[in-house]
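The structure appears below as structure tokens.
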Amino acid sequence: MIPVEFRDFAWRHAGRRAQAVSGVDLRVEPGERVLLLGPSGSGKSTLLAALAGLLTDDSGEQDGEVLLDGKPAADQRDRVGILFQDPETQLVMARSGDDVAFGLENQAAPREQIWPRARAALEAVGFPYDLSRSTHALSGGEQQRLALAGVLARRPDLILLDEPTANLDPEGAQDIREALRAALADTEATLIVVEHRVAEILDLVDRVIALGPGGTLLADGPAAAVLGEHGEHLAAQGVWVPGVPLPTRPSRGAGDVALRGESLALDYPGTDRSAVDDVSFELRAGELLAVTGPNGSGKSTLALLAGGLVRPTRGRSTVPGESRPLHKLPARRLATRVGSVFQDPEHQFVTGTVRDELAFGPRQAKWSKDRIEARVAELLERLRLAHLANANPHTLSGGEARRLSVAGALAAAPEVLLLDEPTFGQDRRTWGELVDLTADIRDEGTALLAVTHDRDFAAALAGRELILKGGRLAQERRR
Amino acid sequence: MSMTFAPVCEAQAPIARLNPVAKLAAVAAISTTALVAADWLTPLLLLAALAAAVPFTGIRFGPLAHRLRFLWLAAGAVVLVNAIFAAEQTGRILIAFGPLEIGTGALIDGAAIGLRVCVAATAGVLGFATTDPTDLADALTQQLRAPARFTIGALAALRLLPLLGAEWRQITSARRARGLEGGWNPLRRARLFASTMFTLLVGAIRRAGRLAAAMDARGFDSEVPRTHARVQRMHPADWALMVAGALVCAGAVAISAAYGTFTVVT
């Protein structure tokens, strides 16, 4: 339990001209539980990294001071624990118990204390397995709980959480919040948490600090007061403020069948278990069909099969006007019939500039030069990427990269677009942009299928919903 | 493309409980002896000794043979190639088929080389496929004083490896969705391979950076000397293994020398 203080703090990342944050003056009292809010680019993660002592001299340039208990944070790493977004890149060891022990070994904890402390930490987060459980066999939510145990076992005086649920599905996010609730009841540590999804975490904090661009202070105080006074503004900036209504864009009605999945099935290689089993559906022009279901229910696999990207074990996916099933079409022909947008936009980037990325599909389809140029110009304009036309796709922000991956899949004018978790981990502003973009595409007559955990997204756009369970179609529902 | 590092035996098998460093030493002694000896008898004796040791290790023959299946093929190929392309065919000619001739002398020389490959590979599989990577890292750190930055860093990298397989499949599907696939054109295949690899590497480097930050945040780069949660010790059985390894090597060389066949690779 220690006080935390920023004194006129500023940080410039090496190789950047502008400062990520500047002029930050903040004090957090011992034992306080603080939620740090702000849009992308407000420097929240930079502030957490500074507190965790992870901003080293060779990674940028610092002004002012970051003090823990009155002393520079960089010298007190041992008193701070930080939990990041991505569970997969926080775990070090092959066995769960060893992973918790890793942080204690680094702390030079005596051996006879290591295992009792590791066990206690795992118990505190409700880890359901024994110490020898393989870290590969854990779900995302379980991995994140394990990572949290690794933080708690070191008994930090200051706990930092950097969007701890952003990479998890709703069940996993719920698990980690429960683990946090239980674990925080047991410790007096000071807490600072960064999280876009505010509603679910409000009961864990007693103070909200809202930052604007560059780390300027927008508001500071009890949660109700800050969200009450600045809710609209924060929502506009990208924060998921509870109670601010979300837009909906109902469909104008579905047209003809644009894609047909016929008894699609995929077995795991070398086994008789199925990832997807006997799923049939029709997708119509001008509608959005949401595919939902718990983790591991085969949603993403179904999208791959429907899009002709993976050869099904049984069944087939077809579009009108093609005699062959989609998985047998040559790729360049497939891209003109069905577009697929993956969860990770970077997996789809195949060229060095935004402009080439958009021209790629049409070129593959052997469009005329004039037609390609017109199409690229139109997409750049519509998706507000014109100012980035010559930028490298790998340098875009999360929201920009997402828009570009959608635009790239649309470029060759397919009549069907398949989206895998299009809103995953996005802030509220990008979310709203994606809803509008998707609705526009749908209302132009494109048939859309979206695999999603996001109930709000489905509610805003979907006409029908397929619910999968264990690879099978559990329910089809009209919304 | 699924990668497993599962040992070929139960975790409680006698050989799995030996100190990895002791196993490493025995494997090194036997492999080195096999590779230095140029005759056919020494590697044959070593292979016999390894085979005789298997029942005491707790390894089941099935999984071991499965692991070694490519080795037999490779060793067979080595024997054939060396026999056919020997500088001169000596001894009695066994096969004469047009320009192709194989004599007994060349066949024996080829067999000796094949046997040496067999010994080194079998010893390697016995030593490494029965060792948990975590145990190996612990033993390297504790017995050989290898720096933890190297051993634990290698373990962390090993943990990320299987993710690369899944990501490769993802990227390949994503490329097909964009209209890119290799098909039968070797040039296009090569370019697609290179671009997929690039995307994979960009992702891997980002991931490695994040993992390194997470490790440092948990004190991995602190100046304090680390303690060890898991203890690796040298037990009498480990010393016995190393002595046995040395004796087998000495014995094989002695018998071969007494028989008059022993020579050294020059």
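Quick note on naming: the chains in the structure tokens go A, B, ... in the order shown, residues restart at 1 in each chain, and ligands are numbered from 1 in order of appearance.
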**Item:** Contact residues around Ala365 in chain A with only C-alpha atoms at 7 Å, ignoring same-chain residues under 2 positions, as a list in words
**Value:**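 Surrounding residues, per the criterion: Arg332, Arg333, Thr336, Gly361, Pro362, Arg363 and Trp367 of chain A.
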**Message:** Env of Ala106 in chain B: 9 Å cut, atoms = only C-alpha atoms, seq-sep filter 4 positions within chain, self excluded. Answer as a VMD selection string.
**Reply:** chain B and resid 82 to 91 102 110 to 111
Which residues of chain B come within 7 Å of chain A, and for each one, what is the closest pair of atoms and their distance in Å to one decimal, counting only C-alpha atoms, sorted by chain and residue number, as a tab-separated table?
```
residue	atom	partner	partner_atom	distance
B:Leu155	CA	A:Met93	CA	6.7
B:Ala156	CA	A:Val92	CA	4.7
B:Arg159	CA	A:Ala94	CA	6.4
B:Ile171	CA	A:His347	CA	5.1
B:Ser173	CA	A:Leu309	CA	5.6
B:Ala174	CA	A:Gln348	CA	5.3
B:Arg175	CA	A:Gln348	CA	6.1
B:Arg176	CA	A:Ala331	CA	5.4
B:Ala177	CA	A:Ser340	CA	5.8
B:Arg178	CA	A:Ala335	CA	5.9
B:Gly179	CA	A:Arg332	CA	3.9
B:Leu180	CA	A:Ala331	CA	5.8
B:Glu181	CA	A:Ala331	CA	6.1
B:Thr199	CA	A:His347	CA	6.7
B:Arg207	CA	A:Thr89	CA	6.3
B:Arg210	CA	A:Thr89	CA	6.2
B:Leu211	CA	A:Thr89	CA	4.7
B:Ala214	CA	A:Gln90	CA	5.4
B:Ala217	CA	A:Ala52	CA	6.7
B:Arg218	CA	A:Gly103	CA	5.2
B:Gly219	CA	A:Asn106	CA	5.4
B:Phe220	CA	A:Asn106	CA	5.4
B:Val224	CA	A:Ala108	CA	6.7
B:Pro225	CA	A:Ala108	CA	6.5
B:Arg226	CA	A:Ala108	CA	4.9
B:Thr227	CA	A:Glu105	CA	4.8
B:His228	CA	A:Glu105	CA	5.9
B:Ala229	CA	A:Arg111	CA	5.4
```
**Nearby residues (only C-alpha atoms) at most 9 Å from Ala377 in chain A, same-chain spacing under 5 positions excluded, as a list in words** =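 Within the cut-off, the hits are Arg355, Ile372, Arg382 and Ala386 of chain A.
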Take the residues that were just selected and, keeping C-alpha atoms, output them as a PDB file, in the first residue's frame.
```
ATOM      1  CA  ARG A 355      -3.519   2.134 -51.855  1.00  0.00           C
ATOM      2  CA  ILE A 372      -9.342  -0.133 -60.499  1.00  0.00           C
ATOM      3  CA  ARG A 382     -15.723   6.096 -48.031  1.00  0.00           C
ATOM      4  CA  ALA A 386      -7.531   8.888 -48.084  1.00  0.00           C
TER       5      ALA A 386
END
```
**Request:** Please report, as a ChimeraX atom specification, each residue of range 81-128 of chain A to which DSSP assigns helix (DSSP H, G or I) when run on this structure's backbone.
**Result:** /A:87-89,96-106,111-124
